[in-house]
Amino acid sequence: MIKKDVIIIGGGAAGFFAAINIAEQNPKLSVAILERGKEGLQKVKISGGGRCNVTHAEFIPQELVLNYPRGDKELLGPFHQFMTGDTIEWFEKRGVLLKIEEDGRMFPESNSSQTIIDCFLTEAEKFKVEVLYNHALKTVSKKDSLWNLETSQGTFSAEKLVIATGSNPKIWKLLENLGHSIIQPVPSLFTFDIKDERIKDIPGVVALNVEVKVLGTDLWSEGPLLITHVGMSAPAILKLSAFGAIELAKQQYKFEIEINFIRQSLEDCMERLKELKQDLAKKTVFKSTQFELPKRLWHKLVLASKMDKNTRWADLNKQQLENLASQLTQAVFQVDGKSTFKEEFVTAGGVDLKEINFKTFESKRHKNLYLAGEVLNIDAVTGGFNFQNAWTGAFIVAKSICN
Ligand SMILES: Cc1cc2nc3c(=O)[nH]c(=O)nc-3n(C[C@H](O)[C@H](O)[C@H](O)COP(=O)(O)OP(=O)(O)OC[C@H]3O[C@@H](n4cnc5c(N)ncnc54)[C@H](O)[C@@H]3O)c2cc1C
């Protein structure tokens, strides 16, 4: 049996970040990562399309937490200990500069996730973190004050155990056996499958600022909307998929959404259309795109309003005006399934947050058991927030262990 002071299960984002910080803050502790794969940090590698969206340029904890459908209340305290600014500084001190994109996402200046991986591997080596690959955790038990761990390659023991295994159902089962409750996992961050004449053959079209509601629920969101080959994507949809992860799973991903493409009330839209009927009387509706909508989307919505390409504004009857106003502000679409967003899948669900002390990220069920990252029932919308959760949890674990 190999004995260490601290063993971290999982060589992913949270695992490496915790291990490096522990070993740096207290060089006297022997620290090992047990990783089941033949390499670690695989999600970091493929994250952000290979560029790794490390964090998000949001520096107010109260604002930052709004991006977490699960974990918002619990992360507020932790973000006061370690958040975006600290992440930027942490990497900067190690020679990795991050840059901010227009939408707030932050990436390494190199535009390569390998920079983050190299940084972690160098730091782990520098602070003598032992990383054991091909070591999958099989069982966990506690005897006296020691954790005993059986892996695919031998047994280990440690005084302090950190679980950073992401969304692995087998580990959730082990944690259940240790008395933890697991919130059943469901997918989060997905796009909506929609078959509808109004979006057919116009993939790539973006409406910059829409409002979307899921009918029959309180779920709504706003932001850019992208029409894809199979339906709809972009923040307006992805936010709904994250905040509605549980509700939409219950509905088996079949539900109706209502889209306001122009963010105006039906009444205001009608007023504007009546003005246009006067002002553009001789022009065809089809050719006179309005409300700063993309031309191809305008064409589709016009044709869906029971008029043809040659209908002139002057010829519009009341019903046609109402149809168009309704298509622009209250267009209903049937969603019929979901697809993966750029292969970026995140799981909602995991260890019940009530069972974690968020001052330390220690389990309330077991002393010297710490959990960080996606193993907990925390997840976020896309934009770098999921990694920020991993960095914050892992940093606080390190601080707690070293104190
Ligand atoms: C394609 C893709 C792109 C993404 N892009 C981004 C992005 O740009 N920005 C962002 O913020 N988030 C992104 N995410 C989400 C982000 O990757 C995760 O939230 C984050 O990796 C979670 O970190 P973690 O350490 O908790 O888990 P992981 O990074 O998943 O690490 C868990 C580790 O534990 C190991 N492990 C599991 N079981 C065992 C076991 N039994 N024994 C030993 N080891 C085990 C796994 O092999 C893995 O290495 C992306 C996700 C995907 C899938």
# chains A, B, ... in the order shown; residues from 1 in each chain; ligands from 1
$ residues_around --residues "Leu146 of chain A" --least-positions-apart "3" --cutoff "10 Å" --atoms "only C-alpha atoms" --output "list in words"
Lys3, Asp5, Ser141, Lys142, Lys143, Leu149, Phe156, Ser157, Ala158, Glu159, Lys160, Leu161 and Asn368 of chain A
$ write_last_selection --atoms "C-alpha atoms" --output "tab-separated table (two decimals), in the first residue's frame"
chain	number	residue	atom	x	y	z
A	3	LYS	CA	0.62	6.20	1.58
A	5	ASP	CA	-0.81	12.92	2.81
A	141	SER	CA	-13.28	3.08	2.62
A	142	LYS	CA	-12.21	4.74	5.82
A	143	LYS	CA	-10.32	3.08	8.64
A	149	LEU	CA	-8.36	3.46	-1.91
A	156	PHE	CA	-3.33	3.64	-1.61
A	157	SER	CA	-4.05	5.41	1.61
A	158	ALA	CA	-4.26	9.08	2.49
A	159	GLU	CA	-5.26	11.33	5.31
A	160	LYS	CA	-7.04	13.73	3.02
A	161	LEU	CA	-9.01	12.75	-0.04
A	368	ASN	CA	-11.09	15.06	5.32
$ closest_atom_pairs --of "chain A" --to "ligand 1" --cutoff "6 Å" --atoms "only C-alpha atoms and all ligand atoms" --output "Markdown table"
| residue | atom | partner | partner_atom_place_in_ligand_line | distance |
| --- | --- | --- | --- | --- |
| A:Ile9 | CA | ligand 1 | 43 (C) | 5.2 |
| A:Gly10 | CA | ligand 1 | 34 (O) | 3.2 |
| A:Gly11 | CA | ligand 1 | 49 (O) | 4.5 |
| A:Gly12 | CA | ligand 1 | 31 (O) | 3.3 |
| A:Ala13 | CA | ligand 1 | 25 (O) | 3.8 |
| A:Ala14 | CA | ligand 1 | 25 (O) | 3.7 |
| A:Gly15 | CA | ligand 1 | 25 (O) | 5.5 |
| A:Leu34 | CA | ligand 1 | 43 (C) | 5.4 |
| A:Glu35 | CA | ligand 1 | 44 (N) | 3.8 |
| A:Arg36 | CA | ligand 1 | 43 (C) | 3.9 |
| A:Gly37 | CA | ligand 1 | 47 (O) | 5.2 |
| A:Gly40 | CA | ligand 1 | 49 (O) | 4.9 |
| A:Leu41 | CA | ligand 1 | 49 (O) | 5.5 |
| A:Lys43 | CA | ligand 1 | 17 (O) | 4.8 |
| A:Val44 | CA | ligand 1 | 17 (O) | 5.7 |
| A:Ile46 | CA | ligand 1 | 1 (C) | 5.4 |
| A:Ser47 | CA | ligand 1 | 5 (N) | 3.4 |
| A:Gly48 | CA | ligand 1 | 8 (O) | 3.3 |
| A:Cys52 | CA | ligand 1 | 8 (O) | 4.5 |
| A:Asn53 | CA | ligand 1 | 8 (O) | 3.7 |
| A:Val54 | CA | ligand 1 | 9 (N) | 5.6 |
| A:His135 | CA | ligand 1 | 43 (C) | 5.8 |
| A:Ala136 | CA | ligand 1 | 42 (N) | 3.5 |
| A:Leu137 | CA | ligand 1 | 42 (N) | 4.0 |
| A:Ala164 | CA | ligand 1 | 25 (O) | 5.3 |
| A:Thr165 | CA | ligand 1 | 34 (O) | 3.5 |
| A:Gly166 | CA | ligand 1 | 27 (O) | 3.4 |
| A:Asn168 | CA | ligand 1 | 38 (N) | 5.4 |
| A:Ile171 | CA | ligand 1 | 41 (N) | 6.0 |
| A:Glu343 | CA | ligand 1 | 1 (C) | 4.7 |
| A:Glu344 | CA | ligand 1 | 2 (C) | 3.6 |
| A:Phe345 | CA | ligand 1 | 53 (C) | 4.6 |
| A:Val346 | CA | ligand 1 | 15 (C) | 5.8 |
| A:Gly373 | CA | ligand 1 | 26 (O) | 3.4 |
| A:Glu374 | CA | ligand 1 | 26 (O) | 3.8 |
| A:Val375 | CA | ligand 1 | 26 (O) | 5.8 |
| A:Gly383 | CA | ligand 1 | 9 (N) | 5.9 |
| A:Gly384 | CA | ligand 1 | 11 (O) | 3.2 |
| A:Phe385 | CA | ligand 1 | 11 (O) | 4.6 |
| A:Asn386 | CA | ligand 1 | 11 (O) | 3.7 |
| A:Phe387 | CA | ligand 1 | 11 (O) | 3.7 |
| A:Ala390 | CA | ligand 1 | 23 (O) | 5.5 |
$ select_by_dssp --residues "segment 54-235 of chain A" --states "alpha helix (DSSP H)" --output "PyMOL selection string"
chain A and resi 61-64+72-81+84-93+113-126+169-177+235
$ closest_residue --among "A:Phe358, A:Trp220, A:Phe107, A:Trp147" --to "Ile8 of chain A" --atoms "only C-alpha atoms"
A:Trp147
$ residues_around --residues "Gly71 of chain A" --least-positions-apart "5" --cutoff "8 Å" --atoms "only C-alpha atoms" --output "number ranges by chain"
A: 65, 353, 377-379
$ write_last_selection --atoms "N, CA and C atoms" --output "PDB file, in the first residue's frame"
ATOM      1  N   VAL A  65     -22.474  34.783 -10.288  1.00  0.00           N
ATOM      2  CA  VAL A  65     -23.289  33.618  -9.891  1.00  0.00           C
ATOM      3  C   VAL A  65     -24.551  33.475 -10.741  1.00  0.00           C
ATOM      4  N   LEU A 353     -25.682  19.758  -2.931  1.00  0.00           N
ATOM      5  CA  LEU A 353     -24.889  20.864  -2.385  1.00  0.00           C
ATOM      6  C   LEU A 353     -25.131  21.077  -0.890  1.00  0.00           C
ATOM      7  N   ASN A 377     -23.192  19.138  -7.722  1.00  0.00           N
ATOM      8  CA  ASN A 377     -24.365  19.543  -8.500  1.00  0.00           C
ATOM      9  C   ASN A 377     -24.285  21.036  -8.840  1.00  0.00           C
ATOM     10  N   ILE A 378     -23.218  21.376  -9.588  1.00  0.00           N
ATOM     11  CA  ILE A 378     -23.016  22.762 -10.033  1.00  0.00           C
ATOM     12  C   ILE A 378     -22.751  22.725 -11.534  1.00  0.00           C
ATOM     13  N   ASP A 379     -23.409  23.595 -12.262  1.00  0.00           N
ATOM     14  CA  ASP A 379     -23.074  23.739 -13.685  1.00  0.00           C
ATOM     15  C   ASP A 379     -23.477  25.125 -14.138  1.00  0.00           C
TER      16      ASP A 379
END
$ residues_around --residues "Arg272 of chain A" --least-positions-apart "2" --cutoff "12 Å" --atoms "only C-alpha atoms" --output "mmCIF file with N, CA, C and O atoms, in the first residue's frame"
data_model
loop_
_atom_site.group_PDB
_atom_site.id
_atom_site.type_symbol
_atom_site.label_atom_id
_atom_site.label_comp_id
_atom_site.auth_asym_id
_atom_site.auth_seq_id
_atom_site.Cartn_x
_atom_site.Cartn_y
_atom_site.Cartn_z
ATOM 1 N N ILE A 262 -38.040 40.752 -32.221
ATOM 2 C CA ILE A 262 -37.679 42.181 -32.288
ATOM 3 C C ILE A 262 -37.756 42.871 -30.930
ATOM 4 O O ILE A 262 -37.552 44.082 -30.842
ATOM 5 N N GLN A 264 -40.220 43.824 -29.130
ATOM 6 C CA GLN A 264 -41.246 44.869 -29.002
ATOM 7 C C GLN A 264 -42.555 44.180 -28.674
ATOM 8 O O GLN A 264 -42.741 43.010 -28.996
ATOM 9 N N SER A 265 -43.489 44.913 -28.071
ATOM 10 C CA SER A 265 -44.795 44.308 -27.805
ATOM 11 C C SER A 265 -45.548 44.172 -29.134
ATOM 12 O O SER A 265 -45.246 44.885 -30.111
ATOM 13 N N LEU A 266 -46.528 43.291 -29.143
ATOM 14 C CA LEU A 266 -47.356 43.093 -30.341
ATOM 15 C C LEU A 266 -47.984 44.425 -30.755
ATOM 16 O O LEU A 266 -48.005 44.785 -31.937
ATOM 17 N N GLU A 267 -48.460 45.180 -29.763
ATOM 18 C CA GLU A 267 -49.151 46.447 -30.033
ATOM 19 C C GLU A 267 -48.190 47.454 -30.679
ATOM 20 O O GLU A 267 -48.519 48.071 -31.697
ATOM 21 N N ASP A 268 -47.001 47.616 -30.095
ATOM 22 C CA ASP A 268 -46.026 48.562 -30.665
ATOM 23 C C ASP A 268 -45.649 48.136 -32.073
ATOM 24 O O ASP A 268 -45.475 48.975 -32.974
ATOM 25 N N CYS A 269 -45.516 46.841 -32.271
ATOM 26 C CA CYS A 269 -45.145 46.325 -33.592
ATOM 27 C C CYS A 269 -46.251 46.654 -34.598
ATOM 28 O O CYS A 269 -45.978 47.110 -35.711
ATOM 29 N N MET A 270 -47.508 46.470 -34.185
ATOM 30 C CA MET A 270 -48.644 46.777 -35.068
ATOM 31 C C MET A 270 -48.611 48.257 -35.466
ATOM 32 O O MET A 270 -48.805 48.597 -36.640
ATOM 33 N N LYS A 274 -48.266 49.677 -39.250
ATOM 34 C CA LYS A 274 -49.263 50.587 -39.864
ATOM 35 C C LYS A 274 -48.564 51.813 -40.462
ATOM 36 O O LYS A 274 -48.930 52.280 -41.542
ATOM 37 N N GLU A 275 -47.559 52.311 -39.752
ATOM 38 C CA GLU A 275 -46.783 53.444 -40.294
ATOM 39 C C GLU A 275 -46.089 53.038 -41.586
ATOM 40 O O GLU A 275 -46.079 53.776 -42.583
ATOM 41 N N LEU A 276 -45.518 51.836 -41.572
ATOM 42 C CA LEU A 276 -44.792 51.365 -42.761
ATOM 43 C C LEU A 276 -45.748 51.208 -43.949
ATOM 44 O O LEU A 276 -45.380 51.454 -45.097
ATOM 45 N N LYS A 277 -46.974 50.773 -43.649
ATOM 46 C CA LYS A 277 -47.999 50.621 -44.702
ATOM 47 C C LYS A 277 -48.197 51.968 -45.425
ATOM 48 O O LYS A 277 -48.345 52.004 -46.644
ATOM 49 N N GLN A 278 -48.163 53.062 -44.647
ATOM 50 C CA GLN A 278 -48.292 54.394 -45.246
ATOM 51 C C GLN A 278 -47.001 54.779 -45.982
ATOM 52 O O GLN A 278 -47.024 55.125 -47.164
ATOM 53 N N ASP A 279 -45.892 54.660 -45.237
ATOM 54 C CA ASP A 279 -44.617 55.198 -45.748
ATOM 55 C C ASP A 279 -44.082 54.423 -46.951
ATOM 56 O O ASP A 279 -43.425 54.998 -47.820
ATOM 57 N N LEU A 280 -44.288 53.109 -46.961
ATOM 58 C CA LEU A 280 -43.688 52.285 -48.027
ATOM 59 C C LEU A 280 -44.749 51.721 -48.977
ATOM 60 O O LEU A 280 -44.521 50.697 -49.626
ATOM 61 N N GLN A 290 -37.261 44.989 -42.258
ATOM 62 C CA GLN A 290 -37.387 45.963 -41.170
ATOM 63 C C GLN A 290 -36.828 45.421 -39.858
ATOM 64 O O GLN A 290 -36.450 44.255 -39.773
ATOM 65 N N PHE A 291 -36.829 46.263 -38.850
ATOM 66 C CA PHE A 291 -36.475 45.907 -37.462
ATOM 67 C C PHE A 291 -35.058 45.337 -37.368
ATOM 68 O O PHE A 291 -34.759 44.554 -36.463
ATOM 69 N N LEU A 321 -51.521 42.186 -41.471
ATOM 70 C CA LEU A 321 -50.699 43.007 -40.563
ATOM 71 C C LEU A 321 -50.558 42.298 -39.212
ATOM 72 O O LEU A 321 -49.479 42.240 -38.629
ATOM 73 N N GLU A 322 -51.678 41.763 -38.742
ATOM 74 C CA GLU A 322 -51.655 41.067 -37.446
ATOM 75 C C GLU A 322 -50.791 39.799 -37.524
ATOM 76 O O GLU A 322 -50.048 39.485 -36.604
ATOM 77 N N LEU A 324 -48.239 39.301 -39.446
ATOM 78 C CA LEU A 324 -46.820 39.666 -39.478
ATOM 79 C C LEU A 324 -46.358 40.105 -38.079
ATOM 80 O O LEU A 324 -45.287 39.686 -37.611
ATOM 81 N N ALA A 325 -47.175 40.919 -37.412
ATOM 82 C CA ALA A 325 -46.812 41.367 -36.058
ATOM 83 C C ALA A 325 -46.649 40.147 -35.150
ATOM 84 O O ALA A 325 -45.735 40.081 -34.316
ATOM 85 N N LEU A 328 -43.453 38.293 -35.840
ATOM 86 C CA LEU A 328 -42.270 39.031 -35.379
ATOM 87 C C LEU A 328 -42.138 39.001 -33.857
ATOM 88 O O LEU A 328 -41.027 38.997 -33.323
#
$ select_by_dssp --residues "segment 234-352 of chain A" --states "strand (DSSP E)" --output "number ranges by chain"
A: 254-260, 331-336, 338-340, 346-351
$ closest_atom_pairs --of "segment 293-373 of chain A" --to "segment 74-81 of chain A" --cutoff "10 Å" --atoms "only C-alpha atoms" --output "JSON lines"
{"residue": "A:Leu353", "atom": "CA", "partner": "A:Glu74", "partner_atom": "CA", "distance": 7.6}
{"residue": "A:Lys354", "atom": "CA", "partner": "A:Glu74", "partner_atom": "CA", "distance": 9.0}
{"residue": "A:Ile356", "atom": "CA", "partner": "A:Glu74", "partner_atom": "CA", "distance": 9.3}
{"residue": "A:Asn357", "atom": "CA", "partner": "A:Glu74", "partner_atom": "CA", "distance": 9.2}
{"residue": "A:Phe358", "atom": "CA", "partner": "A:Glu74", "partner_atom": "CA", "distance": 6.6}
{"residue": "A:Lys359", "atom": "CA", "partner": "A:Pro78", "partner_atom": "CA", "distance": 6.7}
{"residue": "A:Thr360", "atom": "CA", "partner": "A:Pro78", "partner_atom": "CA", "distance": 8.6}
{"residue": "A:Phe361", "atom": "CA", "partner": "A:Pro78", "partner_atom": "CA", "distance": 9.0}
$ residues_around --residues "Asn209 of chain A" --least-positions-apart "5" --cutoff "8 Å" --atoms "only C-alpha atoms" --output "ChimeraX atom specification"
/A:222-225,261-263
$ closest_residue --among "A:Ala348, A:Ala398, A:Leu66, A:Ala372" --to "Val31 of chain A" --atoms "only C-alpha atoms"
A:Ala398
$ closest_residue --among "A:Thr139, A:Asn389, A:Gln327, A:Ser152" --to "Trp172 of chain A" --atoms "only C-alpha atoms"
A:Thr139
$ atom_distance --atom1 "atom CA of Ile163 of chain A" --atom2 "atom CA of Leu371 of chain A"
4.8 Å
$ closest_residue --among "A:Asn177, A:Gln25, A:Ser30, A:Thr115" --to "Glu130 of chain A" --atoms "only C-alpha atoms"
A:Ser30
$ closest_residue --among "A:Gly393, A:Gly216, A:Pro69, A:Gly154" --to "Leu240 of chain A" --atoms "only C-alpha atoms"
A:Pro69
$ closest_residue --among "A:Phe82, A:Phe17, A:Phe333, A:Phe243" --to "Leu215 of chain A" --atoms "only C-alpha atoms"
A:Phe333
$ residues_around --residues "segment 178-190 of chain A" --least-positions-apart "2" --cutoff "8 Å" --atoms "only C-alpha atoms" --output "PyMOL selection string"
chain A and resi 172+174-176+192+233+238-239+241-242+245-246+249+338-341+344-352+355+365+377+381-382
$ decode --residues "segment 115-128 of chain A" --atoms "N, CA, C and O atoms" --output "CSV table (one decimal), in the first residue's frame"
chain,number,residue,atom,x,y,z
A,115,THR,N,-1.5,25.4,-24.0
A,115,THR,CA,-0.8,26.3,-23.1
A,115,THR,C,-1.2,26.1,-21.6
A,115,THR,O,-0.3,26.1,-20.7
A,116,ILE,N,-2.5,25.9,-21.4
A,116,ILE,CA,-3.0,25.6,-20.1
A,116,ILE,C,-2.5,24.3,-19.6
A,116,ILE,O,-2.0,24.1,-18.4
A,117,ILE,N,-2.5,23.3,-20.4
A,117,ILE,CA,-2.0,21.9,-20.1
A,117,ILE,C,-0.5,22.0,-19.7
A,117,ILE,O,-0.1,21.5,-18.7
A,118,ASP,N,0.3,22.6,-20.6
A,118,ASP,CA,1.7,22.7,-20.3
A,118,ASP,C,2.0,23.4,-19.0
A,118,ASP,O,2.8,23.0,-18.2
A,119,CYS,N,1.2,24.5,-18.7
A,119,CYS,CA,1.4,25.2,-17.5
A,119,CYS,C,1.1,24.3,-16.3
A,119,CYS,O,1.9,24.2,-15.4
A,120,PHE,N,0.0,23.5,-16.3
A,120,PHE,CA,-0.3,22.6,-15.2
A,120,PHE,C,0.7,21.5,-15.1
A,120,PHE,O,1.1,21.2,-14.0
A,121,LEU,N,1.2,21.0,-16.2
A,121,LEU,CA,2.2,19.9,-16.1
A,121,LEU,C,3.5,20.4,-15.5
A,121,LEU,O,4.1,19.7,-14.7
A,122,THR,N,3.9,21.5,-16.0
A,122,THR,CA,5.1,22.1,-15.4
A,122,THR,C,5.0,22.4,-14.0
A,122,THR,O,5.9,22.1,-13.2
A,123,GLU,N,3.9,23.0,-13.6
A,123,GLU,CA,3.7,23.4,-12.1
A,123,GLU,C,3.7,22.1,-11.3
A,123,GLU,O,4.2,22.1,-10.2
A,124,ALA,N,3.0,21.1,-11.8
A,124,ALA,CA,2.8,19.8,-11.0
A,124,ALA,C,4.2,19.2,-10.8
A,124,ALA,O,4.6,18.8,-9.7
A,125,GLU,N,5.1,19.3,-11.8
A,125,GLU,CA,6.4,18.7,-11.7
A,125,GLU,C,7.2,19.6,-10.7
A,125,GLU,O,7.9,19.0,-9.8
A,126,LYS,N,7.1,20.9,-10.9
A,126,LYS,CA,7.9,21.8,-10.1
A,126,LYS,C,7.6,21.6,-8.6
A,126,LYS,O,8.5,21.6,-7.8
A,127,PHE,N,6.3,21.4,-8.3
A,127,PHE,CA,6.0,21.2,-6.8
A,127,PHE,C,5.9,19.8,-6.4
A,127,PHE,O,5.3,19.5,-5.4
A,128,LYS,N,6.4,18.9,-7.2
A,128,LYS,CA,6.5,17.5,-6.9
A,128,LYS,C,5.2,16.8,-6.6
A,128,LYS,O,5.0,15.9,-5.7
